Each structure stands twice: as structure tokens, then as C-alpha cells.
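A.B. asks: Below is one structure. I have some questions about it.
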Amino acid sequence: MNMNAGDRGGFTLVELIVVTVLGALVVAASLQILITNQRTYTAQTAQIQGQQNTRAALDILTAEIREISPEGGDILEMGQTSVTVRVMRKMGVSCLVTTDDPPVIRAIVVGDSFQARDSVFIFADNNESTAKDDDWISAEVTEVHDDVTCGTNKANELKFGGQSAVFTADSVRLGGPIRSYLRYTYGLFKLGDGRYYLARRQPGKDPVPVVGPLKATNGLEFTYLDDENNKTTIPTEVRQIAIRIRTDSPVVNSLGEQVSDSISAWVFTRN
């Protein structure tokens, strides 16, 4: 039997339109699922990053605050969004003290060697029979020799040119500690990208970002408490510092809310 064109099976135009519409709906639904999954993944990633940022910022601030002594004058300035402190960076123990001019102290070093222009505190015992006259001498190292020893221990020989007036013959004794310190301001700073970060700044230098971005208005807050947990504005009375950190992100979650994270902690100082 011969079959002509009119006998061939196929799809009608209506059937093709129905199939096309159904296919488009399936593709659109799949695309919407992919977009939703992508947004969820982006929001979760931003949330995790925010949590990591807050914890990293807290770790850094906690490590620094635990080392400062408010009674010893280590808190220099106190603000709601920043704090300026002296932080210890190097440590030594005197093993030889001379009354030369300039004064010379040989020290067994714990950790990194001292360098010229280091700012240091040197413990002055003065009268050994009482602690009332003990003090810390503030000085600047002008010259360092690191090819010396104290017994079998490697040492640094420190000189303090032009600073004889701050030393007395019996003030610095063998075994007295020597601390090198830096002045840092930790605070909420607006940086070049227009966003706010926890940053660290040395006098006369630009702030260096540490962690962020943080919220512009309340991304970093300090509260200073005395030994009775009352707020104080007097640096020498501080016994603990409450810290609150809030992250900032342009990402929004599936509810249309901005992704953010916060953390709070109370850190005791070295008193």
C-alpha cells in the first residue's frame, strides 16, 4: 500500500505550543531553585565569614588587653570606639648594670632582640628593703650590641645616650626586668574603600586594617569597668574592658535581611 503525505503521523501546532509552555515552566522553576540555592549559599558563606571576623577581632583585642596594666599607665586614651594602649613586645632581664655615661645595661633577652630606638621600661628597685619606692624608668635605647653574653646566655648590651638623668647608681639591679613597648590605637576606622574596619594605628602612621568590614555606627564598642563592675572613665581604675563587635555585609538572606554577626566579651587586664 502506498502512503501519501496526508497519512503521516505528527504533532499538531497546539501540542507543540503546550509542550513548549510546559518546558519553559520547568526550566523557569529549575532556574528559580538554582537562584535560591545560590542566594542561600552566598548568605551562609557571608554568615560564616562574619563569625570568623568577629572571633578573629576578639582574639586580637583579648591578647593585647590581657597584657596591659592600667595601674602602670598602659591605658593612654579611652573612647567608646577606640582605645590607645602601650603593649609589650620584647622582654629582658638585666645581668650587668654600669654607671657609665651613657648608662649601659646588659640583658638576657627572652624572645626577640632589642633594637636601637626601642622604647623601654626598666624596673628600678631603688631601696631593696621597701617596695614603696619601686618604679619603672622610661627610656629609649640608643645603641645595641648583640654579640655579648651573660655567663653562658646570649645577651644584648643596651646603651642610653643622653639619658643619664633618668638613671641613678642603685636604681636598676641585677635581675630587674626590661620591657620594650609600642603605642597602638585599636579602633573603628574608615579606610580607603569607604567601609569600616577594626584597625591598628601607630602615632604618625596610617591605620592598618586588622579585621572587617564592621558596621559603621556600632561595629566596635568598648566599655570600661572598675573592680566593682561600675563604668569608669579613669584609666588607672580600669580592671576589665567589655568589647562588642558587629560585622557588616552587603549580602542579604532569603528573608531580605542583611547578613551580620556579633560577639561580646569581658576581658580582664593585667593588674
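Ordered as shown in the C-alpha cells, chains take letters A, B, and onward, while each chain numbers its residues from 1 and ligands are numbered from 1 in the order shown.
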According to DSSP computed on the backbone, where in range 90-244 of chain A is there strand (DSSP E)? Give the residues as a ChimeraX atom specification.
C.D. replies: /A:90-97,104-110,119-124,135-140,143-150,153-159,177-190,196-201,208-214,220-225,240-244
A.B. asks: Report the closest atom pair, with its distance in Å rounded to one decimal, for each residue of range 45-103 of chain A that has an atom no farther than 8 Å from range 233-247 of chain A; count only C-alpha atoms, sort by chain and then rising residue number, and write it as a tab-separated table.
C.D. replies:
residue	atom	partner	partner_atom	distance
A:Gly50	CA	A:Thr247	CA	5.8
A:Asn53	CA	A:Thr247	CA	7.4
A:Thr54	CA	A:Ile245	CA	6.2
A:Ala57	CA	A:Ile245	CA	7.8
A:Leu58	CA	A:Ile245	CA	7.8
A:Ile65	CA	A:Ile241	CA	8.0
A:Pro70	CA	A:Thr236	CA	4.7
A:Glu71	CA	A:Thr236	CA	4.7
A:Gly72	CA	A:Thr236	CA	7.5
A:Gly73	CA	A:Thr236	CA	6.6
A:Ile75	CA	A:Pro235	CA	5.8
A:Leu76	CA	A:Pro235	CA	7.3
A:Glu77	CA	A:Pro235	CA	7.6
A:Met78	CA	A:Pro235	CA	7.2
A.B. asks: Can you write just those residues out, C-alpha atoms, as a PDB file, in the first residue's frame?
C.D. replies:
ATOM      1  CA  GLY A  50      31.234  37.252  59.689  1.00  0.00           C
ATOM      2  CA  ASN A  53      35.829  38.006  61.564  1.00  0.00           C
ATOM      3  CA  THR A  54      34.254  38.649  64.952  1.00  0.00           C
ATOM      4  CA  ALA A  57      38.926  40.519  66.142  1.00  0.00           C
ATOM      5  CA  LEU A  58      38.102  39.354  69.666  1.00  0.00           C
ATOM      6  CA  ILE A  65      44.216  43.819  76.698  1.00  0.00           C
ATOM      7  CA  PRO A  70      46.136  50.201  83.809  1.00  0.00           C
ATOM      8  CA  GLU A  71      47.744  50.870  87.201  1.00  0.00           C
ATOM      9  CA  GLY A  72      51.101  51.025  85.434  1.00  0.00           C
ATOM     10  CA  GLY A  73      49.793  53.614  82.963  1.00  0.00           C
ATOM     11  CA  ILE A  75      45.995  52.764  79.013  1.00  0.00           C
ATOM     12  CA  LEU A  76      46.738  56.111  77.392  1.00  0.00           C
ATOM     13  CA  GLU A  77      43.343  57.070  75.922  1.00  0.00           C
ATOM     14  CA  MET A  78      39.859  55.632  76.365  1.00  0.00           C
TER      15      MET A  78
END
A.B. asks: Residues near range 180-186 of chain A, anyone? I mean within 8 Å using only C-alpha atoms, not counting same-chain ones fewer than 2 positions away, as number ranges by chain.
C.D. replies: A: 82-91, 114, 118-121, 178, 188, 198-203
A.B. asks: Would you compute the distance between CA of Gly187 in chain A and CA of Gln49 in chain A? Give it in Å to one decimal.
C.D. replies: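 Pair CA of Gly187 in chain A / CA of Gln49 in chain A returns 20.3 Å.
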A.B. asks: Please provide the set of residues having any atom within 10 Å of Ala216 in chain A, restricted to only C-alpha atoms, with same-chain residues fewer than 4 positions apart removed, written as a PyMOL selection string.
C.D. replies: chain A and resi 188-190+194-197+220+246-248
A.B. asks: Please produce a file of the residues just selected, as a compact mmCIF listing (two decimals), in the first residue's frame, where the atoms kept are C-alpha atoms.
C.D. replies:
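Writing done, so here's again20.txt:
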# COMPACT_ATOMS: atom_id res chain seq x y z
CA LEU A 188 36.90 51.56 64.32
CA PHE A 189 38.44 53.28 61.29
CA LYS A 190 37.00 54.19 57.88
CA GLY A 194 34.75 53.60 52.30
CA ARG A 195 34.00 50.80 54.76
CA TYR A 196 34.82 50.47 58.46
CA TYR A 197 37.32 48.07 59.99
CA LEU A 220 33.07 48.26 67.70
CA ARG A 246 29.38 43.68 64.88
CA THR A 247 30.20 42.73 61.30
CA ASP A 248 28.85 44.35 58.14
A.B. asks: My list of candidates is A:Gly176, A:Gly23, A:Gly161, A:Gly79. Which is closest to Leu96 in chain A when distances are computed with only C-alpha atoms?
C.D. replies: A:Gly176
A.B. asks: For the atom pair CA of Phe268 in chain A and CA of Asp112 in chain A, what is the interatomic distance in Å to one decimal place?
C.D. replies: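 We find that CA of Phe268 in chain A and CA of Asp112 in chain A lie 26.3 Å from each other.
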A.B. asks: Using only C-alpha atoms, which of the listed residues (A:Ser30, A:Leu174, A:Pro207, A:Thr168) sits closest to Thr99 in chain A?
C.D. replies: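 Closest candidate: A:Thr168.
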A.B. asks: Pick out the closest residue to Thr223 in chain A from this set: A:Thr12, A:Gln163, A:Gln80, A:Thr142. Count only C-alpha atoms.
C.D. replies: A:Gln80
A.B. asks: So, with only C-alpha atoms as the atoms that count, which of A:Ala124, A:Ile48, A:Val93, A:Val210 lies closest to Cys150 in chain A?
C.D. replies: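 When distances to Cys150 in chain A are compared using only C-alpha atoms, the smallest one comes from A:Val93.
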A.B. asks: Go through A:Arg270, A:Arg66, A:Lys215, A:Arg106 one by one, measure the shortest atom-to-atom distance of each to Pro177 in chain A using only C-alpha atoms, and give the residue with the smallest value.
C.D. replies: A:Arg106
